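Chemist: My questions will all concern the structure given below.
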Amino acid sequence: MPELLANLNPEQLAAVTLPNEPALILAGAGSGKTRVLITRIAWLIQQGMASPSTILAVTFTNKAAREMMGRLQALLPIDTRGMWIGTFHGLCNRMLRAHYRDAGLPQTFQILDTADQLSAIKRLMKGLNIDDEKYPPKNLQYFINNAKEQGLRPKDVDVTDDFNRKFVELYEAYDQQCQREGVVDFAELLLRCYELLAHNPPLRAHYQARFRDILVDEFQDTNKLQYAWLKLLAGPGNAIFAVGDDDQSIYAFRGANVGNMRDFENEFRVKHLIKLEQNYRSHGHILDAANYLIAHNSRRLGKNLRTDAGHGEPVRVYEAATDSQEAGWIVEEIRALINQGLARNEIAILYRSNAQSRTIEHTLVNAGVPYKVYGGLRFFERQEVKHALAYLRLIDNPNDDTAFARVVNFPARGIGARSIEQLADAARLYNCSMAAAIPYVTGKAGTSLGGFANLVAKMRAETAQMSLPETVEYTVRMSGLAEFYQNEREGQDRLENLQELVNAATAFVSEEGYGLDTPARSIPLRPGASAAPEIVSRDGEIEVLDAPAITDPAQNPDLMTPLAGFLSHASLEAGDNQAQAGQDAVQLMTVHAAKGLEFTAVFITGLEEGLFPHENSAMEADGLEEERRLMYVAITRAKERLYISFAQSRLLHGQTRYNVRSRFFDELPQESLKWLTPKVEAGSRWGGRADNAGWGRDWFARPGGGESGGGRRDRDAYVADKSPAPAFANEQRAAETGFRVGQGVFHTKFGEGTITALEGSGTDAKAQVRFKRHGEKWLALAVAKLQPVE
DNA sequence: TACGAAATGATACTA
DNA sequence: TCATTTCGTA
């Protein structure tokens with residue numbers, strides 16, 4: 001028991017052992033936030049103040065939820081699997097599945113991810129003959145999600161003008177379409193769950209009585225709807241324990257509302273506000289830089305990090321002439337660090353926008369330094385996987401037009417755009433799904449559509465008794481997807497992903513504890529499991545007929561069929577957002593993606609006006625302050641070494657831009673900086689910036705190159721300034737290929753292979769590689785993205 | 001229907 | 001520059 005609380009500092013200890021009352025924990029970067037959250041849960045359970053079933057813990061990412069469950073499991077001899085620890089969306093999904101009738105949803109409702117939602121919107125607009133130039137589908141999508149996140153249904157949205165009125169109309173039509181198809185988007189998951197609780201007092205009371213302790217991670221990232229949902233769950237006998245850091249709020253652009261922290265403090269009369277300011281991550285100079293920078297923000301709750309670690313190394317600053325020179329310097333420093341014995345995965349290169357990674361990658365490749373880029377497509381977002389999932393969704397729910405439209409002609413079965421349009425018209429006429437409208441379409445189109453209908457019907461019938469992995473395997477085969485990719489020249493990886501999908505299904509079944517032969521499409525009633533919830537509405541009144549019948553998904557996870565569960569899993573957990581895992585490699589990612597991580601050495605690149613702070617942030621209210629918080633997040637990722645760099649010119653979108661160094665340099669404590677290049681005072685160079693001008697003007701295209709806004713035709717007329725980057729010291733060493741014959745390599749397009757020959761040197765260096773799947777190829781090392789593999 | 005050419009847009013991103 | 005989408009023709 002005491003060892004649970006051992007090694008906590010006084011503030012952490014105070015937070016962990018607070019009474020069951022509203023509390024706000026202001027947890028600075030590297031202050032042991034997660035540890036406090038987990039220890040608090042463990043402590044509550046150990047003290048008998050709570051049991052695993054009375055706790056609700058909410059996070060933003062599946063990763064955070066998994067970490068919490070894993071570490072908790074390690075602290076206590078309990079099974080965390082049934083606990084209500086998860087993301088907002090995951091928990092809402094769970095609640096909606098349990099009370100689908102009260103929520104007005106079909107039992108097999110499915111979840112639209114962002115891409116599905118957009119295609120649903122496009123389909124809707126096409127059907128209504130809406131001009132998508134005037135009303136861009138993406139804008140409508142944003143409008144709808146934004147409204148939902150404010151808790152607004154179409155009837156609640158203020159109509160201000162005709163344009164707005166159209167959007168509201170479309171929002172209404174979209175909701176109806178979703179309802180008819182039995183699908184919900186991400187925002188709907190939250191809003192629907194919110195309404196479920198808001199309109200159903202007995203149910204609300206049930207959950208309020210149940211969740212005595214509600215713990216929220218990253219509270220500064222909650223949006224209005226999430227906060228409202230939490231407030232509904234916070235009843236008289238329970239309390240919210242919110243952990244967050246207003247200085248690390250970097251998601252306002254997607255609806256996060258830092259104001260929730262203040263509101264929480266006021267609305268709940270928070271008596272316990274604890275600041276965790278002891279930092280266990282960074283050395284002194286780094287922390288000083290962070291503190292000093294963030295002090296330039298107004299409207300903070302106020303916090304100052306301290307460390308016992310000593311000053312450590314100063315923050316190194318480098319000014320480069322060009323972006324490629326900047327990259328060259330970074331690679332040099334990285335080599336030095338590696339030579340000093342630092343592991344590659346303890347080194348991170350951070351940038352503000354993804355476009356910046358290319359130059360850096362290129363330089364790393366040439367230098368033969370292995371690296372990993374975070375970001376990009378995740379497993380369940382790959383087209384072949386989404387195709388397969390669409391077939392599965394169609395088997396489960398014939399009304400899902402989004403899934404239908406996706407695969408009706410994939411693989412191609414001669415059903416063209418014309419036929420689909422006819423079908424959509426019929427569906428609208430008869431107010432039914434596209435699948436149901438097939439009999440109404442006549443002629444040749446009707447025949448080929450009929451063929452598709454038969455295929456799906458056959459698949460539905462034949463999978464009726466199959467287990468989930470069998471169903472997935474069967475679907476991949478019978479849909480023709482496997483055959484299609486088999487014959488496709490570049491289809492091998494996709495084929496493998498389809499196989500991987502079958503494996504994922506097998507893994508899912510075993511993780512969820514189903515028997516391997518449990519039918520995928522029936523609700524498996526285990527012994528002792530109770531039937532579906534029984535809350536019935538009578539005369540508009542909602543009533544609990546039989547109190548114990550409010551079924552708790554935690555005790556009965558079988559309210560979902562394995563297939564429905566797997567499909568939600570695919571939507572809610574799209575998989576890793578990381579490139580190839582494994583080998584020891586330098587980590588490349590955006591500053592946003594780095595939040596929550598830490599590295600021994602960190603490079604923050606592209607510190608230029610217009611880039612960081614980003615030019616677009618000048619338009620947004622509070623935009624500059626968010627950029628500054630972003631920089632704060634970036635700095636606080638570093639444990640021992642921090643490098644900050646910028647370049648005078650940068651090739652971006654095919655144009656050379658001349659940038660001015662970021663204002664953030666002037667907001668750092670100069671005594672903690674070590675300039676590796678002479679520091680040039682602002683204003684002493686051409687292009688020096690006027691501090692209070694809108695900084696959109698602070699960067700500009702090539703001097704004498706004319707206005708950049710001259711339209712596309714300028715592209716041909718425009719000759720980019722191709723002056724070569726000044727050679728940097730180790731051009732010579734970069735010339736070494738860094739490869740040897742017989743070495744295993746990885747290529748982003750061709751996959752794994754082995755080097756069979758090397759030729760030439762410097763920029764002409766070539767390697768012959770025998771790829772496992774694509775045969776032997778000669779590759780120019782300066783161009784090909786080859787990564788060494790063990 | 002299918003393919004290549006031309007046009008276009010480009011901050012950050014989890015569920 | 002590059003990835004994606006639309007356009008125009010076979």
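By convention here, the chains of the structure tokens are called A, B, ... in the order presented, each chain's residues are numbered starting at 1, and ligands are numbered starting at 1 in the order presented.
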Quick one: which residues from chain B are at most 8 Å off chain A, using only C-alpha atoms (C1' of nucleotides), as number ranges by chain?

Modeler: B: 1, 10-15

Chemist: Store the residues of this selection in a file with C-alpha atoms (C1' of nucleotides), as a short mmCIF file (atom, residue, chain, number, x, y, z; two decimals), in the first residue's frame.

Modeler:
data_model
loop_
_atom_site.label_atom_id
_atom_site.label_comp_id
_atom_site.auth_asym_id
_atom_site.auth_seq_id
_atom_site.Cartn_x
_atom_site.Cartn_y
_atom_site.Cartn_z
"C1'" DT B 1 -15.36 2.95 -69.24
"C1'" DA B 10 -1.24 23.00 -49.88
"C1'" DT B 11 -1.10 24.07 -41.13
"C1'" DA B 12 -1.66 21.25 -37.52
"C1'" DC B 13 -5.14 15.98 -36.55
"C1'" DT B 14 -7.91 12.18 -32.94
"C1'" DA B 15 -12.01 9.67 -32.91
#

Chemist: Based on DSSP run over this structure's backbone, return all residues of segment 146-181 of chain A in alpha helix (DSSP H), as a PDB file with N, CA, C and O atoms, in the first residue's frame.

Modeler:
ATOM      1  N   ASN A 146     -19.043  21.124 -36.795  1.00  0.00           N
ATOM      2  CA  ASN A 146     -18.936  22.240 -35.876  1.00  0.00           C
ATOM      3  C   ASN A 146     -20.238  22.436 -35.100  1.00  0.00           C
ATOM      4  O   ASN A 146     -20.230  22.611 -33.885  1.00  0.00           O
ATOM      5  N   ALA A 147     -21.344  22.388 -35.831  1.00  0.00           N
ATOM      6  CA  ALA A 147     -22.647  22.550 -35.168  1.00  0.00           C
ATOM      7  C   ALA A 147     -22.840  21.457 -34.119  1.00  0.00           C
ATOM      8  O   ALA A 147     -23.236  21.729 -32.979  1.00  0.00           O
ATOM      9  N   LYS A 148     -22.543  20.230 -34.500  1.00  0.00           N
ATOM     10  CA  LYS A 148     -22.737  19.127 -33.561  1.00  0.00           C
ATOM     11  C   LYS A 148     -21.861  19.300 -32.325  1.00  0.00           C
ATOM     12  O   LYS A 148     -22.286  19.004 -31.206  1.00  0.00           O
ATOM     13  N   GLU A 149     -20.641  19.780 -32.544  1.00  0.00           N
ATOM     14  CA  GLU A 149     -19.745  19.956 -31.403  1.00  0.00           C
ATOM     15  C   GLU A 149     -20.193  21.098 -30.494  1.00  0.00           C
ATOM     16  O   GLU A 149     -19.746  21.194 -29.359  1.00  0.00           O
ATOM     17  N   ASP A 162     -28.847  33.622 -46.482  1.00  0.00           N
ATOM     18  CA  ASP A 162     -29.307  32.561 -47.370  1.00  0.00           C
ATOM     19  C   ASP A 162     -28.299  31.427 -47.464  1.00  0.00           C
ATOM     20  O   ASP A 162     -28.661  30.254 -47.550  1.00  0.00           O
ATOM     21  N   PHE A 163     -27.049  31.828 -47.454  1.00  0.00           N
ATOM     22  CA  PHE A 163     -25.991  30.845 -47.576  1.00  0.00           C
ATOM     23  C   PHE A 163     -26.054  29.875 -46.402  1.00  0.00           C
ATOM     24  O   PHE A 163     -26.086  28.656 -46.543  1.00  0.00           O
ATOM     25  N   ASN A 164     -26.114  30.488 -45.263  1.00  0.00           N
ATOM     26  CA  ASN A 164     -26.210  29.760 -44.013  1.00  0.00           C
ATOM     27  C   ASN A 164     -27.472  28.891 -43.978  1.00  0.00           C
ATOM     28  O   ASN A 164     -27.449  27.750 -43.529  1.00  0.00           O
ATOM     29  N   ARG A 165     -28.570  29.450 -44.497  1.00  0.00           N
ATOM     30  CA  ARG A 165     -29.838  28.713 -44.509  1.00  0.00           C
ATOM     31  C   ARG A 165     -29.686  27.421 -45.296  1.00  0.00           C
ATOM     32  O   ARG A 165     -30.164  26.363 -44.898  1.00  0.00           O
ATOM     33  N   LYS A 166     -28.989  27.522 -46.421  1.00  0.00           N
ATOM     34  CA  LYS A 166     -28.780  26.343 -47.263  1.00  0.00           C
ATOM     35  C   LYS A 166     -28.009  25.268 -46.484  1.00  0.00           C
ATOM     36  O   LYS A 166     -28.350  24.083 -46.529  1.00  0.00           O
ATOM     37  N   PHE A 167     -27.002  25.711 -45.782  1.00  0.00           N
ATOM     38  CA  PHE A 167     -26.200  24.759 -45.005  1.00  0.00           C
ATOM     39  C   PHE A 167     -27.055  24.064 -43.954  1.00  0.00           C
ATOM     40  O   PHE A 167     -26.936  22.858 -43.734  1.00  0.00           O
ATOM     41  N   VAL A 168     -27.910  24.850 -43.308  1.00  0.00           N
ATOM     42  CA  VAL A 168     -28.763  24.266 -42.276  1.00  0.00           C
ATOM     43  C   VAL A 168     -29.709  23.240 -42.895  1.00  0.00           C
ATOM     44  O   VAL A 168     -29.910  22.146 -42.355  1.00  0.00           O
ATOM     45  N   GLU A 169     -30.261  23.597 -44.045  1.00  0.00           N
ATOM     46  CA  GLU A 169     -31.135  22.663 -44.767  1.00  0.00           C
ATOM     47  C   GLU A 169     -30.414  21.360 -45.073  1.00  0.00           C
ATOM     48  O   GLU A 169     -30.947  20.268 -44.893  1.00  0.00           O
ATOM     49  N   LEU A 170     -29.184  21.521 -45.571  1.00  0.00           N
ATOM     50  CA  LEU A 170     -28.410  20.343 -45.937  1.00  0.00           C
ATOM     51  C   LEU A 170     -28.031  19.528 -44.702  1.00  0.00           C
ATOM     52  O   LEU A 170     -27.997  18.298 -44.740  1.00  0.00           O
ATOM     53  N   TYR A 171     -27.746  20.217 -43.637  1.00  0.00           N
ATOM     54  CA  TYR A 171     -27.448  19.557 -42.363  1.00  0.00           C
ATOM     55  C   TYR A 171     -28.632  18.669 -41.981  1.00  0.00           C
ATOM     56  O   TYR A 171     -28.471  17.491 -41.653  1.00  0.00           O
ATOM     57  N   GLU A 172     -29.806  19.238 -42.082  1.00  0.00           N
ATOM     58  CA  GLU A 172     -31.031  18.493 -41.763  1.00  0.00           C
ATOM     59  C   GLU A 172     -31.162  17.252 -42.660  1.00  0.00           C
ATOM     60  O   GLU A 172     -31.416  16.138 -42.198  1.00  0.00           O
ATOM     61  N   ALA A 173     -30.970  17.463 -43.959  1.00  0.00           N
ATOM     62  CA  ALA A 173     -31.086  16.359 -44.910  1.00  0.00           C
ATOM     63  C   ALA A 173     -30.027  15.291 -44.636  1.00  0.00           C
ATOM     64  O   ALA A 173     -30.289  14.088 -44.748  1.00  0.00           O
ATOM     65  N   TYR A 174     -28.856  15.758 -44.257  1.00  0.00           N
ATOM     66  CA  TYR A 174     -27.766  14.825 -43.961  1.00  0.00           C
ATOM     67  C   TYR A 174     -28.121  13.949 -42.765  1.00  0.00           C
ATOM     68  O   TYR A 174     -27.948  12.727 -42.782  1.00  0.00           O
ATOM     69  N   ASP A 175     -28.639  14.584 -41.726  1.00  0.00           N
ATOM     70  CA  ASP A 175     -29.015  13.818 -40.539  1.00  0.00           C
ATOM     71  C   ASP A 175     -30.077  12.778 -40.865  1.00  0.00           C
ATOM     72  O   ASP A 175     -30.048  11.657 -40.369  1.00  0.00           O
ATOM     73  N   GLN A 176     -31.024  13.181 -41.733  1.00  0.00           N
ATOM     74  CA  GLN A 176     -32.066  12.230 -42.112  1.00  0.00           C
ATOM     75  C   GLN A 176     -31.478  11.061 -42.890  1.00  0.00           C
ATOM     76  O   GLN A 176     -31.845   9.905 -42.681  1.00  0.00           O
ATOM     77  N   GLN A 177     -30.572  11.403 -43.779  1.00  0.00           N
ATOM     78  CA  GLN A 177     -29.932  10.346 -44.552  1.00  0.00           C
ATOM     79  C   GLN A 177     -29.196   9.359 -43.632  1.00  0.00           C
ATOM     80  O   GLN A 177     -29.323   8.147 -43.779  1.00  0.00           O
ATOM     81  N   CYS A 178     -28.458   9.893 -42.689  1.00  0.00           N
ATOM     82  CA  CYS A 178     -27.731   9.027 -41.749  1.00  0.00           C
ATOM     83  C   CYS A 178     -28.693   8.147 -40.977  1.00  0.00           C
ATOM     84  O   CYS A 178     -28.452   6.959 -40.763  1.00  0.00           O
ATOM     85  N   GLN A 179     -29.785   8.757 -40.537  1.00  0.00           N
ATOM     86  CA  GLN A 179     -30.757   8.019 -39.752  1.00  0.00           C
ATOM     87  C   GLN A 179     -31.349   6.872 -40.577  1.00  0.00           C
ATOM     88  O   GLN A 179     -31.491   5.751 -40.105  1.00  0.00           O
ATOM     89  N   ARG A 180     -31.659   7.175 -41.836  1.00  0.00           N
ATOM     90  CA  ARG A 180     -32.240   6.141 -42.684  1.00  0.00           C
ATOM     91  C   ARG A 180     -31.239   5.008 -42.951  1.00  0.00           C
ATOM     92  O   ARG A 180     -31.598   3.845 -43.030  1.00  0.00           O
ATOM     93  N   GLU A 181     -29.972   5.397 -43.058  1.00  0.00           N
ATOM     94  CA  GLU A 181     -28.960   4.392 -43.352  1.00  0.00           C
ATOM     95  C   GLU A 181     -28.446   3.682 -42.103  1.00  0.00           C
ATOM     96  O   GLU A 181     -27.714   2.695 -42.201  1.00  0.00           O
TER      97      GLU A 181
END

Chemist: What are the residues of chain A that have an atom within 12 Å of an atom of chain C, counting only C-alpha atoms (C1' of nucleotides), as an MDAnalysis selection string?

Modeler: chainID A and resid 355:356 358:359 651:656 720

Chemist: May I have all residues of segment 239-488 of chain A that DSSP, computed from the backbone, assigns to strand (DSSP E), given as a ChimeraX atom specification?

Modeler: /A:239-244,272-276,315-322,347-351,371-373

Chemist: Keeping only N, CA, C and O atoms, take the residues you just selected and write them out as a CSV table (one decimal), in the first residue's frame.

Modeler:
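What follows is the written file out_0.csv:
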chain,number,residue,atom,x,y,z
A,239,ALA,N,-17.8,13.1,-8.5
A,239,ALA,CA,-17.0,14.3,-8.8
A,239,ALA,C,-16.0,14.1,-10.0
A,239,ALA,O,-15.6,13.0,-10.3
A,240,ILE,N,-15.7,15.2,-10.7
A,240,ILE,CA,-14.8,15.1,-11.8
A,240,ILE,C,-13.4,15.5,-11.3
A,240,ILE,O,-13.2,16.5,-10.6
A,241,PHE,N,-12.4,14.7,-11.7
A,241,PHE,CA,-11.0,15.0,-11.4
A,241,PHE,C,-10.4,15.3,-12.8
A,241,PHE,O,-10.2,14.4,-13.6
A,242,ALA,N,-10.2,16.6,-13.0
A,242,ALA,CA,-9.7,16.9,-14.4
A,242,ALA,C,-8.2,17.3,-14.3
A,242,ALA,O,-7.8,18.0,-13.5
A,243,VAL,N,-7.5,16.7,-15.3
A,243,VAL,CA,-6.1,17.0,-15.4
A,243,VAL,C,-5.8,17.6,-16.7
A,243,VAL,O,-6.3,17.2,-17.8
A,244,GLY,N,-5.1,18.7,-16.7
A,244,GLY,CA,-4.8,19.3,-18.0
A,244,GLY,C,-3.7,20.4,-17.9
A,244,GLY,O,-3.2,20.7,-16.8
A,272,HIS,N,-10.2,22.4,-5.0
A,272,HIS,CA,-8.8,21.8,-5.1
A,272,HIS,C,-8.2,22.0,-6.4
A,272,HIS,O,-8.4,21.3,-7.4
A,273,LEU,N,-7.4,23.1,-6.5
A,273,LEU,CA,-6.7,23.4,-7.7
A,273,LEU,C,-5.2,23.1,-7.4
A,273,LEU,O,-4.6,23.8,-6.5
A,274,ILE,N,-4.6,22.1,-8.0
A,274,ILE,CA,-3.3,21.7,-7.6
A,274,ILE,C,-2.4,21.9,-8.9
A,274,ILE,O,-2.7,21.5,-10.0
A,275,LYS,N,-1.3,22.6,-8.7
A,275,LYS,CA,-0.4,22.8,-9.8
A,275,LYS,C,0.8,21.8,-9.6
A,275,LYS,O,1.5,21.8,-8.6
A,276,LEU,N,1.1,21.1,-10.7
A,276,LEU,CA,2.3,20.2,-10.7
A,276,LEU,C,3.3,20.9,-11.5
A,276,LEU,O,3.2,21.0,-12.7
A,315,VAL,N,20.8,25.9,-25.2
A,315,VAL,CA,20.0,25.6,-26.4
A,315,VAL,C,20.8,26.1,-27.6
A,315,VAL,O,21.2,27.3,-27.6
A,316,ARG,N,21.0,25.3,-28.5
A,316,ARG,CA,21.9,25.7,-29.7
A,316,ARG,C,21.0,26.2,-30.8
A,316,ARG,O,20.0,25.6,-31.2
A,317,VAL,N,21.5,27.3,-31.4
A,317,VAL,CA,20.7,28.0,-32.4
A,317,VAL,C,21.5,28.1,-33.7
A,317,VAL,O,22.7,28.4,-33.6
A,318,TYR,N,20.9,27.8,-34.8
A,318,TYR,CA,21.6,27.8,-36.1
A,318,TYR,C,20.8,28.5,-37.1
A,318,TYR,O,19.6,28.3,-37.3
A,319,GLU,N,21.5,29.4,-37.8
A,319,GLU,CA,20.9,30.1,-39.0
A,319,GLU,C,21.5,29.5,-40.2
A,319,GLU,O,22.7,29.5,-40.4
A,320,ALA,N,20.6,29.0,-41.1
A,320,ALA,CA,21.1,28.5,-42.4
A,320,ALA,C,20.7,29.4,-43.5
A,320,ALA,O,19.8,30.1,-43.4
A,321,ALA,N,21.5,29.2,-44.6
A,321,ALA,CA,21.1,30.0,-45.8
A,321,ALA,C,19.9,29.4,-46.5
A,321,ALA,O,19.0,30.1,-47.0
A,322,THR,N,19.9,28.1,-46.6
A,322,THR,CA,18.7,27.5,-47.3
A,322,THR,C,18.2,26.3,-46.4
A,322,THR,O,18.8,25.9,-45.4
A,347,ILE,N,16.4,10.7,-30.6
A,347,ILE,CA,16.6,11.9,-31.3
A,347,ILE,C,15.3,12.2,-32.2
A,347,ILE,O,14.9,11.4,-32.9
A,348,ALA,N,14.8,13.4,-32.0
A,348,ALA,CA,13.6,13.8,-32.8
A,348,ALA,C,13.9,15.0,-33.6
A,348,ALA,O,14.5,16.0,-33.1
A,349,ILE,N,13.3,15.0,-34.8
A,349,ILE,CA,13.4,16.3,-35.6
A,349,ILE,C,11.9,16.7,-35.8
A,349,ILE,O,11.1,16.0,-36.3
A,350,LEU,N,11.6,17.9,-35.3
A,350,LEU,CA,10.2,18.4,-35.3
A,350,LEU,C,10.1,19.5,-36.3
A,350,LEU,O,11.0,20.3,-36.5
A,351,TYR,N,8.9,19.6,-36.9
A,351,TYR,CA,8.7,20.7,-37.8
A,351,TYR,C,7.2,21.1,-37.7
A,351,TYR,O,6.4,20.3,-37.2
A,371,TYR,N,15.7,6.6,-40.4
A,371,TYR,CA,14.8,7.5,-39.7
A,371,TYR,C,13.4,6.9,-39.9
A,371,TYR,O,13.1,6.0,-40.7
A,372,LYS,N,12.4,7.4,-39.1
A,372,LYS,CA,11.1,7.0,-39.2
A,372,LYS,C,10.2,8.3,-39.2
A,372,LYS,O,10.4,9.2,-38.5
A,373,VAL,N,9.3,8.3,-40.1
A,373,VAL,CA,8.4,9.5,-40.2
A,373,VAL,C,7.0,9.1,-39.6
A,373,VAL,O,6.4,8.1,-40.0

Chemist: Write out as a PyMOL selection string each polymer residue whose atoms come within 12 Å of Leu342 of chain A, counting only C-alpha atoms (C1' of nucleotides); drop sequence neighbours fewer than 2 positions from it.

Modeler: chain A and resi 333-340+344-348+584-586+599-601+640-641
